[in-house]
Amino acid sequence: MADEKSYGWAGKILRVNLTTGAVTTEPTEPYKDYIGGMGIANKIMYDEVPAGTDPFAEESKIVFAVGPLTASGVPLAGRTTISFLSTYTTDNQVVDAHTGGMLGANIKKAGYDGIILEGMSETPVYLCIKNDNVEIKPADFLWGQGTRATAEALNRLEGNSACVASIGQAGENLVPYACLINSRNHSAGAGLGAIMGSKKLKALVVEGTGPVNVADPQAVADLSDYMLREIVGSNNNHVVPSTQQEWAEYYDAGSRWTAQKGASWELAEGGAIESGEPKPGEINTVGYRCLKSLKDEGPEALKYTIKMDGCHSCPIHCYSDMRVPASKAAGGYEITGNTCVPNFPFTNYMIKILGDKTTVQALSDDALVWDQVFGSTMDDLGLWCNYGQIYRDIAHCYATGVFERVLPAEEYAMFDWDAFANNDPTIVPALLHHIAANDNEMAYVAYGPLAWTERWNDPEWWNDPASTLINVRGWPVHHAHECFAQVGLLYNMMFNRDDMIHSAVNFQGCGLPFELKQQIAEEVWGGADAIDKDKNYTPMNEHKANFAWWSIVTDVLHDSLTLCNWVWPMTMSPTAARDYRGDLDLEAKFFKAVTGQDVTTDDLYKAGAKIMTLQRANTVRSMKGADGQMGSIEMRTIHDVPTEWPFTQDPDLQPFTEGTIKQDKEDFQNGLTMLYRCFGWDEEKGCPTVECLEYYDMPDVKEERARLRVRP
């Protein structure tokens with residue numbers, strides 16, 4: 001039974017067995033030490049999914065979870081964490097996908113802190129959740145449809161107030177790079193779509209209309225106003241504008257605070273709306289600061305921009321809604337737009353690799369059309385890009401002749417490859433639909449580089465900087481050593497997929513002068529030498545280790561509360577009167593206001609470190625050692641292993657030389673030792689120790705580690 005009145009948490013978790021059709025609930029209370037979101041989801045996966053389970057087996061599970069701050073009125077608290085087994089990395093370890101949109105808020109308002117999906121349906125179904133009314137319904141009529149048609153059909157059937165989160169053809173066909181899409185273009189990747197497809201689960205339809213109780217509503221409102229007035233910046237919490245403006249002491253061309261005079265939502269309903277020069281302190285203009293279409297696609301994008309959009313409870317609005325007729329003419333969709341990677345796949349990840357195979361120039365109108373055809377088709381098919389990896393791999397395999405070498409002649413001849421040189425983006429839907437069908441040789445490019453480089457005998461790609469593959473177990477960089485040197489490289493090793501950490505890169509790109517950032521670094525991580533100037537690095541030190549630890553812990557914390565780590569934490573602010581300092585205690589202040597529990601920032605950081613340690617322990621028990629046996633403590637030598645190119649790029653330059661991001665192997669190993677020490681893990685192996693598990697109060701994990709004999 002749920003608590004009569006639970007503050008923050010809904011108080012119960014929904015369990016749905018797709019084999020038996022059983023629908024039950026259970027209390028959230030036993031999981032509250034893991035906060036919510038990533039913490040709850042990882043604990044359930046640890047408790048219920050044995051090491052070595054096949055991702056596509058009936059025993060495999062999917063756990064959707066939200067946190068105590070989700071849908072509570074806290075700004076940027078609308079995300080959902082989903083935990084499951086990876087479909088594309090070594091040993092199929094537990095991974096987390098994160099999605100925005102409207103899914104998390106509806107789960108919470110429906111009365112649930114999580115949804116456990118288990119078992120496997122024999123026929124296509126969708127799960128319909130309307131508060132306490134939960135039904136498994138037939139989805140045969142939807143099978144074979146893309147995510148857009150699925151959402152339209154289910155919204156017509158179940159009501160427009162419901163959030164539809166569905167898979168496309170890629171998930172149905174068990175493509176390892178398949179994702180879930182909600183609210184048109186908010187994705188959850190890492191193979192989630194393929195696992196749903198294996199369970200014949202086409203979609204979740206969630207409509208929540210219940211309250212989210214908070215302990216002190218006035219405190220939540222006051223803190224929200226304070227945050228919007230004084231603390232928050234733009235997307236990635238960039239706190240200065242990208243152009244010189246009268247009100248601003250500083251500006252930086254790379255900033256995502258792109259609002260400026262003359263830059264408008266030109267296709268806005270009722271006429272163009274100028275973004276202008278929104279200033280700090282103006283609560284009602286915060287939503288104009290991030291003109292993301294301009295940032296992602298350049299000035300050409302303005303004539304296509306309808307408005308900026310966002311997730312539940314987001315004041316920043318980093319999603320561009322655009323109308324691009326040429327995208328539809330090329331086989332994509334006319335109403336397009338996204339943010340970051342899905343907005344510029346061709347521009348940022350393919351043009352350079354294609355080289356003379358394409359005539360399209362970056363930031364041109366032609367490039368924008370290619371980008372939107374790619375992005376809108378990928379989302380409709382439910383294909384995931386692995387942080388741009390599939391785009392890099394397709395470009396590489398075409399430009400270097402891999403496709404021509406390995407594809408059957410008739411398959412290669414299916415496509416007009418000259419379309420890249422002839423600026424004809426109609427090739428894009430043809431390629432992507434072919435890959436999503438998963439019944440051909442080319443489809444292996446969406447199994448991930450571990451699969452296709454071995455199958456097609458292209459091992460050199462792993463050590464080519466253009467690949468950006470950063471870990472030998474199968475994932476690419478996500479703000480790695482180009483972001484504060486060792487700090488970024490270290491946290492890129494810690495998870496079982498690309499890390500999705502923005503705590504550090506937000507600080508790097510915030511736009512403040514380096515000297516001011518050094519002052520903040522000294523206050524937060526203990527020394528100004530926690531950070532280096534771009535491409536002018538220094539050797540590893542303890543303050544960098546503190547920064548790396550903090551980056552991981554804040555990310556995990558946000559994914560558990562659940563907050564948007566693309567903007568949180570509030571390390572800096574746009575307010576000159578605060579000397580541009582943010583407020584790193586805001587998470588704790590909101591936590592108390594919502595839940596009534598008086599916690600400190602250090603308490604929350606310890607909880608984040610505990611959740612990270614739990615995932616680490618789960619990785620230890622399910623990772624194969626050098627002997628091929630399940631369960632290994634050798635995290636340093638098996639798991640936390642970068643590819644070679646970070647240490648060999650720029651062959652004419654030495655590490656710690658101005659002008660390069662090149663790393664030093666011995667220095668990196670020293671960094672691992674320091675980071676392990678921050679978590680309390682074994683400093684040689686990198687795995688949780690007995691003392692560490694005792695410190696984090698994890699007796700059940702300690703007991704299993706002793707039973708399996710895979711801990712020091």
# chains A, B, ... in the order shown; residues from 1 in each chain; ligands from 1
>>> select_by_dssp(residues="region 386-625 of chain A", states="strand (DSSP E or B)", output="ChimeraX atom specification")
/A:469-471,475-476,533,536,572,581,624
>>> closest_atom_pairs(of="region 545-589 of chain A", to="region 51-69 of chain A", cutoff="9 Å", atoms="only C-alpha atoms", output="tab-separated table")
residue	atom	partner	partner_atom	distance
A:His558	CA	A:Gly67	CA	9.0
A:Asp559	CA	A:Gly67	CA	8.1
A:Ser560	CA	A:Gly67	CA	5.6
A:Leu561	CA	A:Gly67	CA	4.3
A:Thr562	CA	A:Gly67	CA	4.8
A:Leu563	CA	A:Leu69	CA	7.5
>>> write_last_selection(atoms="N, CA and C atoms", output="PDB file, in the first residue's frame")
ATOM      1  N   HIS A 558      21.296  13.914 -10.350  1.00  0.00           N
ATOM      2  CA  HIS A 558      20.238  14.527 -11.156  1.00  0.00           C
ATOM      3  C   HIS A 558      19.393  13.468 -11.853  1.00  0.00           C
ATOM      4  N   ASP A 559      20.029  12.392 -12.306  1.00  0.00           N
ATOM      5  CA  ASP A 559      19.283  11.323 -12.968  1.00  0.00           C
ATOM      6  C   ASP A 559      18.434  10.528 -11.985  1.00  0.00           C
ATOM      7  N   SER A 560      18.643  10.764 -10.706  1.00  0.00           N
ATOM      8  CA  SER A 560      17.869  10.078  -9.677  1.00  0.00           C
ATOM      9  C   SER A 560      16.777  10.967  -9.099  1.00  0.00           C
ATOM     10  N   LEU A 561      16.965  12.273  -9.116  1.00  0.00           N
ATOM     11  CA  LEU A 561      15.999  13.176  -8.466  1.00  0.00           C
ATOM     12  C   LEU A 561      14.677  13.370  -9.228  1.00  0.00           C
ATOM     13  N   THR A 562      14.347  13.447 -10.452  1.00  0.00           N
ATOM     14  CA  THR A 562      15.181  13.543 -11.635  1.00  0.00           C
ATOM     15  C   THR A 562      15.180  14.996 -12.116  1.00  0.00           C
ATOM     16  N   LEU A 563      16.397  15.502 -12.360  1.00  0.00           N
ATOM     17  CA  LEU A 563      16.603  16.843 -12.875  1.00  0.00           C
ATOM     18  C   LEU A 563      17.363  16.770 -14.189  1.00  0.00           C
TER      19      LEU A 563
END
>>> residues_around(residues="Gly686 (chain A)", least_positions_apart="4", cutoff="10 Å", atoms="only C-alpha atoms", output="list in words")
Met494, Arg616, Val620, Ile633, Glu634, Met635, Arg636, Thr637, His639, Asp640, Leu672, Thr673, Leu675, Tyr676, Arg677, Phe679, Gly680, Trp681 and Asp682 of chain A
>>> write_last_selection(atoms="N, CA and C atoms", output="tab-separated table (two decimals), in the first residue's frame")
chain	number	residue	atom	x	y	z
A	494	MET	N	33.48	5.50	-16.85
A	494	MET	CA	32.85	4.98	-15.64
A	494	MET	C	31.55	4.21	-15.85
A	616	ARG	N	28.42	0.12	-10.27
A	616	ARG	CA	29.77	-0.45	-10.36
A	616	ARG	C	29.77	-1.89	-9.87
A	620	VAL	N	30.68	-5.31	-11.91
A	620	VAL	CA	31.69	-6.27	-11.45
A	620	VAL	C	31.15	-7.70	-11.54
A	633	ILE	N	36.85	-8.46	-10.78
A	633	ILE	CA	37.12	-7.21	-10.07
A	633	ILE	C	38.10	-6.32	-10.82
A	634	GLU	N	38.56	-6.76	-11.98
A	634	GLU	CA	39.63	-6.04	-12.69
A	634	GLU	C	39.07	-4.90	-13.54
A	635	MET	N	38.44	-3.96	-12.87
A	635	MET	CA	37.81	-2.85	-13.58
A	635	MET	C	38.84	-1.97	-14.30
A	636	ARG	N	39.98	-1.76	-13.70
A	636	ARG	CA	40.99	-0.90	-14.32
A	636	ARG	C	41.46	-1.46	-15.65
A	637	THR	N	41.71	-2.74	-15.71
A	637	THR	CA	42.33	-3.33	-16.90
A	637	THR	C	41.34	-3.90	-17.90
A	639	HIS	N	37.58	-2.78	-17.85
A	639	HIS	CA	36.45	-1.89	-18.09
A	639	HIS	C	36.86	-0.45	-18.38
A	640	ASP	N	37.73	0.10	-17.55
A	640	ASP	CA	38.08	1.52	-17.65
A	640	ASP	C	39.24	1.73	-18.61
A	672	LEU	N	43.07	7.56	-12.72
A	672	LEU	CA	42.15	6.51	-12.29
A	672	LEU	C	42.33	6.22	-10.80
A	673	THR	N	43.58	6.10	-10.35
A	673	THR	CA	43.84	5.82	-8.94
A	673	THR	C	43.23	6.90	-8.06
A	675	LEU	N	40.75	8.94	-8.77
A	675	LEU	CA	39.29	8.92	-8.84
A	675	LEU	C	38.74	7.75	-8.03
A	676	TYR	N	39.34	6.58	-8.15
A	676	TYR	CA	38.91	5.43	-7.33
A	676	TYR	C	38.95	5.81	-5.85
A	677	ARG	N	39.99	6.51	-5.46
A	677	ARG	CA	40.14	6.91	-4.05
A	677	ARG	C	38.99	7.82	-3.62
A	679	PHE	N	35.95	7.73	-4.57
A	679	PHE	CA	34.75	6.92	-4.35
A	679	PHE	C	34.91	5.93	-3.21
A	680	GLY	N	36.16	5.68	-2.79
A	680	GLY	CA	36.40	4.66	-1.80
A	680	GLY	C	36.52	3.27	-2.40
A	681	TRP	N	36.69	3.19	-3.70
A	681	TRP	CA	36.88	1.90	-4.37
A	681	TRP	C	38.32	1.44	-4.22
A	682	ASP	N	38.56	0.19	-4.54
A	682	ASP	CA	39.92	-0.34	-4.49
A	682	ASP	C	40.82	0.45	-5.45
>>> closest_residue(among="A:Tyr46, A:Tyr391, A:Trp461, A:Tyr491", to="Ala545 (chain A)", atoms="only C-alpha atoms")
A:Tyr491
>>> residues_around(residues="Arg323 (chain A)", least_positions_apart="2", cutoff="10 Å", atoms="only C-alpha atoms", output="PyMOL selection string")
chain A and resi 267+301+303-307+320-321+325-328+333-337+372
>>> write_last_selection(atoms="all heavy atoms", output="short mmCIF file (atom, residue, chain, number, x, y, z; two decimals), in the first residue's frame")
data_model
loop_
_atom_site.label_atom_id
_atom_site.label_comp_id
_atom_site.auth_asym_id
_atom_site.auth_seq_id
_atom_site.Cartn_x
_atom_site.Cartn_y
_atom_site.Cartn_z
N LEU A 267 8.62 31.79 -38.11
CA LEU A 267 7.36 31.15 -38.49
C LEU A 267 6.41 31.00 -37.31
O LEU A 267 5.49 30.18 -37.35
CB LEU A 267 7.65 29.77 -39.11
CG LEU A 267 8.39 29.77 -40.45
CD1 LEU A 267 8.51 28.35 -40.99
CD2 LEU A 267 7.70 30.66 -41.47
N ALA A 301 18.68 28.82 -40.19
CA ALA A 301 17.58 28.13 -39.50
C ALA A 301 16.45 29.07 -39.10
O ALA A 301 15.32 28.61 -38.88
CB ALA A 301 18.13 27.44 -38.26
N LYS A 303 14.62 31.22 -40.62
CA LYS A 303 13.44 31.32 -41.49
C LYS A 303 12.55 30.07 -41.40
O LYS A 303 11.42 30.08 -41.89
CB LYS A 303 13.86 31.55 -42.94
CG LYS A 303 14.67 30.46 -43.59
CD LYS A 303 14.96 30.81 -45.06
CE LYS A 303 15.83 29.81 -45.79
NZ LYS A 303 17.24 29.94 -45.35
N TYR A 304 13.07 29.01 -40.76
CA TYR A 304 12.29 27.79 -40.58
C TYR A 304 11.74 27.65 -39.16
O TYR A 304 10.94 26.75 -38.88
CB TYR A 304 13.15 26.56 -40.86
CG TYR A 304 13.73 26.49 -42.26
CD1 TYR A 304 15.11 26.57 -42.47
CD2 TYR A 304 12.90 26.34 -43.37
CE1 TYR A 304 15.65 26.50 -43.75
CE2 TYR A 304 13.43 26.27 -44.65
CZ TYR A 304 14.81 26.35 -44.83
OH TYR A 304 15.33 26.28 -46.10
N THR A 305 12.16 28.50 -38.24
CA THR A 305 11.87 28.31 -36.82
C THR A 305 10.45 28.75 -36.47
O THR A 305 10.06 29.89 -36.70
CB THR A 305 12.89 29.08 -35.96
OG1 THR A 305 14.20 28.60 -36.25
CG2 THR A 305 12.59 28.90 -34.48
N ILE A 306 9.70 27.82 -35.89
CA ILE A 306 8.34 28.10 -35.40
C ILE A 306 8.41 28.65 -33.98
O ILE A 306 7.84 29.67 -33.65
CB ILE A 306 7.47 26.83 -35.44
CG1 ILE A 306 7.39 26.26 -36.86
CG2 ILE A 306 6.07 27.12 -34.88
CD1 ILE A 306 6.79 24.87 -36.94
N LYS A 307 9.13 27.94 -33.13
CA LYS A 307 9.29 28.34 -31.74
C LYS A 307 10.35 27.44 -31.11
O LYS A 307 10.82 26.47 -31.71
CB LYS A 307 7.98 28.21 -30.96
CG LYS A 307 7.48 26.76 -30.84
CD LYS A 307 6.22 26.67 -30.00
CE LYS A 307 5.73 25.22 -29.91
NZ LYS A 307 4.55 25.08 -29.04
N SER A 320 14.21 22.98 -30.83
CA SER A 320 13.73 23.83 -31.92
C SER A 320 12.60 23.14 -32.66
O SER A 320 12.74 22.01 -33.07
CB SER A 320 14.83 24.10 -32.92
OG SER A 320 16.05 23.59 -32.56
N ASP A 321 11.49 23.82 -32.77
CA ASP A 321 10.40 23.36 -33.64
C ASP A 321 10.54 24.11 -34.96
O ASP A 321 10.50 25.35 -34.99
CB ASP A 321 9.04 23.66 -33.02
CG ASP A 321 8.71 22.70 -31.89
OD1 ASP A 321 9.31 21.63 -31.84
OD2 ASP A 321 7.84 23.04 -31.06
N PRO A 325 9.94 22.51 -45.50
CA PRO A 325 9.30 21.80 -46.61
C PRO A 325 10.26 20.93 -47.42
O PRO A 325 9.87 19.86 -47.89
CB PRO A 325 8.73 22.95 -47.47
CG PRO A 325 8.53 24.07 -46.50
CD PRO A 325 9.66 23.96 -45.53
N ALA A 326 11.50 21.37 -47.58
CA ALA A 326 12.46 20.60 -48.37
C ALA A 326 12.79 19.27 -47.71
O ALA A 326 13.19 18.31 -48.39
CB ALA A 326 13.74 21.40 -48.60
N SER A 327 12.64 19.19 -46.41
CA SER A 327 12.85 17.91 -45.72
C SER A 327 11.77 16.91 -46.13
O SER A 327 12.06 15.75 -46.46
CB SER A 327 12.83 18.12 -44.20
OG SER A 327 12.82 16.88 -43.52
N LYS A 328 10.53 17.36 -46.15
CA LYS A 328 9.44 16.48 -46.59
C LYS A 328 9.62 16.08 -48.05
O LYS A 328 9.40 14.91 -48.42
CB LYS A 328 8.10 17.20 -46.40
CG LYS A 328 6.90 16.36 -46.81
CD LYS A 328 5.59 17.10 -46.57
CE LYS A 328 4.40 16.25 -46.99
NZ LYS A 328 3.12 16.96 -46.76
N TYR A 333 10.39 14.63 -42.85
CA TYR A 333 9.16 15.26 -42.38
C TYR A 333 9.29 16.77 -42.46
O TYR A 333 10.38 17.32 -42.36
CB TYR A 333 8.84 14.83 -40.94
CG TYR A 333 8.32 13.41 -40.89
CD1 TYR A 333 9.20 12.33 -40.84
CD2 TYR A 333 6.96 13.15 -40.93
CE1 TYR A 333 8.73 11.03 -40.81
CE2 TYR A 333 6.47 11.86 -40.91
CZ TYR A 333 7.36 10.79 -40.85
OH TYR A 333 6.89 9.51 -40.84
N GLU A 334 8.15 17.44 -42.65
CA GLU A 334 8.17 18.89 -42.77
C GLU A 334 8.31 19.56 -41.41
O GLU A 334 9.07 20.50 -41.24
CB GLU A 334 6.89 19.38 -43.45
CG GLU A 334 6.86 20.89 -43.63
CD GLU A 334 5.66 21.35 -44.45
OE1 GLU A 334 4.86 20.50 -44.89
OE2 GLU A 334 5.53 22.58 -44.65
N ILE A 335 7.56 19.08 -40.43
CA ILE A 335 7.68 19.59 -39.06
C ILE A 335 8.80 18.80 -38.40
O ILE A 335 8.68 17.59 -38.17
CB ILE A 335 6.38 19.47 -38.28
CG1 ILE A 335 5.26 20.20 -39.02
CG2 ILE A 335 6.55 20.04 -36.87
CD1 ILE A 335 5.51 21.68 -39.22
N THR A 336 9.89 19.47 -38.11
CA THR A 336 11.08 18.80 -37.64
C THR A 336 11.63 19.54 -36.43
O THR A 336 10.98 20.41 -35.86
CB THR A 336 12.17 18.77 -38.74
OG1 THR A 336 12.71 20.09 -38.90
CG2 THR A 336 11.63 18.28 -40.07
N GLY A 337 12.82 19.22 -36.11
CA GLY A 337 13.51 19.94 -35.06
C GLY A 337 13.74 19.11 -33.83
O GLY A 337 12.97 18.20 -33.49
N GLN A 372 17.85 17.76 -41.17
CA GLN A 372 16.47 17.54 -40.75
C GLN A 372 15.87 16.27 -41.37
O GLN A 372 15.02 15.62 -40.75
CB GLN A 372 15.62 18.77 -41.07
CG GLN A 372 16.06 20.02 -40.32
CD GLN A 372 16.22 19.77 -38.82
OE1 GLN A 372 15.34 19.21 -38.17
NE2 GLN A 372 17.36 20.19 -38.27
#
>>> atom_distance(atom1="CA of Met196 (chain A)", atom2="CA of Met442 (chain A)")
22.5 Å
>>> residues_around(residues="Thr70 (chain A)", least_positions_apart="6", cutoff="12 Å", atoms="only C-alpha atoms", output="ChimeraX atom specification")
/A:7-10,35-37,76-81,100,102-109,111-114,211-214,311-314,558-564,590-591,594-595
>>> atom_distance(atom1="CA of Asn422 (chain A)", atom2="CA of Cys397 (chain A)")
18.5 Å
>>> closest_atom_pairs(of="region 511-553 of chain A", to="region 247-250 of chain A", cutoff="9 Å", atoms="only C-alpha atoms", output="Markdown table")
| residue | atom | partner | partner_atom | distance |
| --- | --- | --- | --- | --- |
| A:Gly511 | CA | A:Tyr250 | CA | 7.5 |
| A:Leu512 | CA | A:Tyr250 | CA | 6.9 |
| A:Pro513 | CA | A:Tyr250 | CA | 7.9 |
>>> write_last_selection(atoms="all heavy atoms", output="compact mmCIF listing (two decimals), in the first residue's frame")
# COMPACT_ATOMS: atom_id res chain seq x y z
N GLY A 511 30.98 30.56 -20.69
CA GLY A 511 31.25 31.88 -21.25
C GLY A 511 31.98 32.83 -20.34
O GLY A 511 32.40 33.91 -20.79
N LEU A 512 32.15 32.49 -19.08
CA LEU A 512 32.87 33.36 -18.16
C LEU A 512 34.37 33.33 -18.46
O LEU A 512 34.89 32.32 -18.95
CB LEU A 512 32.64 32.92 -16.71
CG LEU A 512 31.21 33.06 -16.18
CD1 LEU A 512 31.09 32.48 -14.78
CD2 LEU A 512 30.75 34.52 -16.20
N PRO A 513 35.11 34.39 -18.15
CA PRO A 513 36.56 34.40 -18.37
C PRO A 513 37.23 33.28 -17.57
O PRO A 513 36.78 32.90 -16.48
CB PRO A 513 36.99 35.78 -17.84
CG PRO A 513 35.76 36.61 -17.88
CD PRO A 513 34.61 35.69 -17.62
>>> closest_atom_pairs(of="region 494-541 of chain A", to="region 654-659 of chain A", cutoff="7 Å", atoms="only C-alpha atoms", output="JSON lines")
{"residue": "A:Lys535", "atom": "CA", "partner": "A:Gly659", "partner_atom": "CA", "distance": 5.0}
{"residue": "A:Asn536", "atom": "CA", "partner": "A:Glu658", "partner_atom": "CA", "distance": 4.4}
{"residue": "A:Tyr537", "atom": "CA", "partner": "A:Phe656", "partner_atom": "CA", "distance": 4.9}
{"residue": "A:Thr538", "atom": "CA", "partner": "A:Phe656", "partner_atom": "CA", "distance": 5.4}
{"residue": "A:Pro539", "atom": "CA", "partner": "A:Phe656", "partner_atom": "CA", "distance": 7.0}
>>> write_last_selection(atoms="N, CA, C and O atoms", output="short mmCIF file (atom, residue, chain, number, x, y, z; two decimals), in the first residue's frame")
data_model
loop_
_atom_site.label_atom_id
_atom_site.label_comp_id
_atom_site.auth_asym_id
_atom_site.auth_seq_id
_atom_site.Cartn_x
_atom_site.Cartn_y
_atom_site.Cartn_z
N LYS A 535 43.12 22.96 -24.69
CA LYS A 535 44.33 22.59 -25.44
C LYS A 535 45.61 23.19 -24.82
O LYS A 535 46.55 23.54 -25.52
N ASN A 536 45.61 23.25 -23.52
CA ASN A 536 46.82 23.70 -22.81
C ASN A 536 46.81 23.05 -21.43
O ASN A 536 46.62 23.71 -20.42
N TYR A 537 47.01 21.73 -21.44
CA TYR A 537 46.76 20.92 -20.27
C TYR A 537 47.98 20.76 -19.37
O TYR A 537 49.13 20.90 -19.82
N THR A 538 47.70 20.40 -18.11
CA THR A 538 48.75 20.10 -17.14
C THR A 538 48.52 18.70 -16.60
O THR A 538 47.44 18.12 -16.75
N PRO A 539 49.53 18.12 -15.93
CA PRO A 539 49.37 16.76 -15.41
C PRO A 539 48.26 16.64 -14.37
O PRO A 539 47.79 17.63 -13.80
#
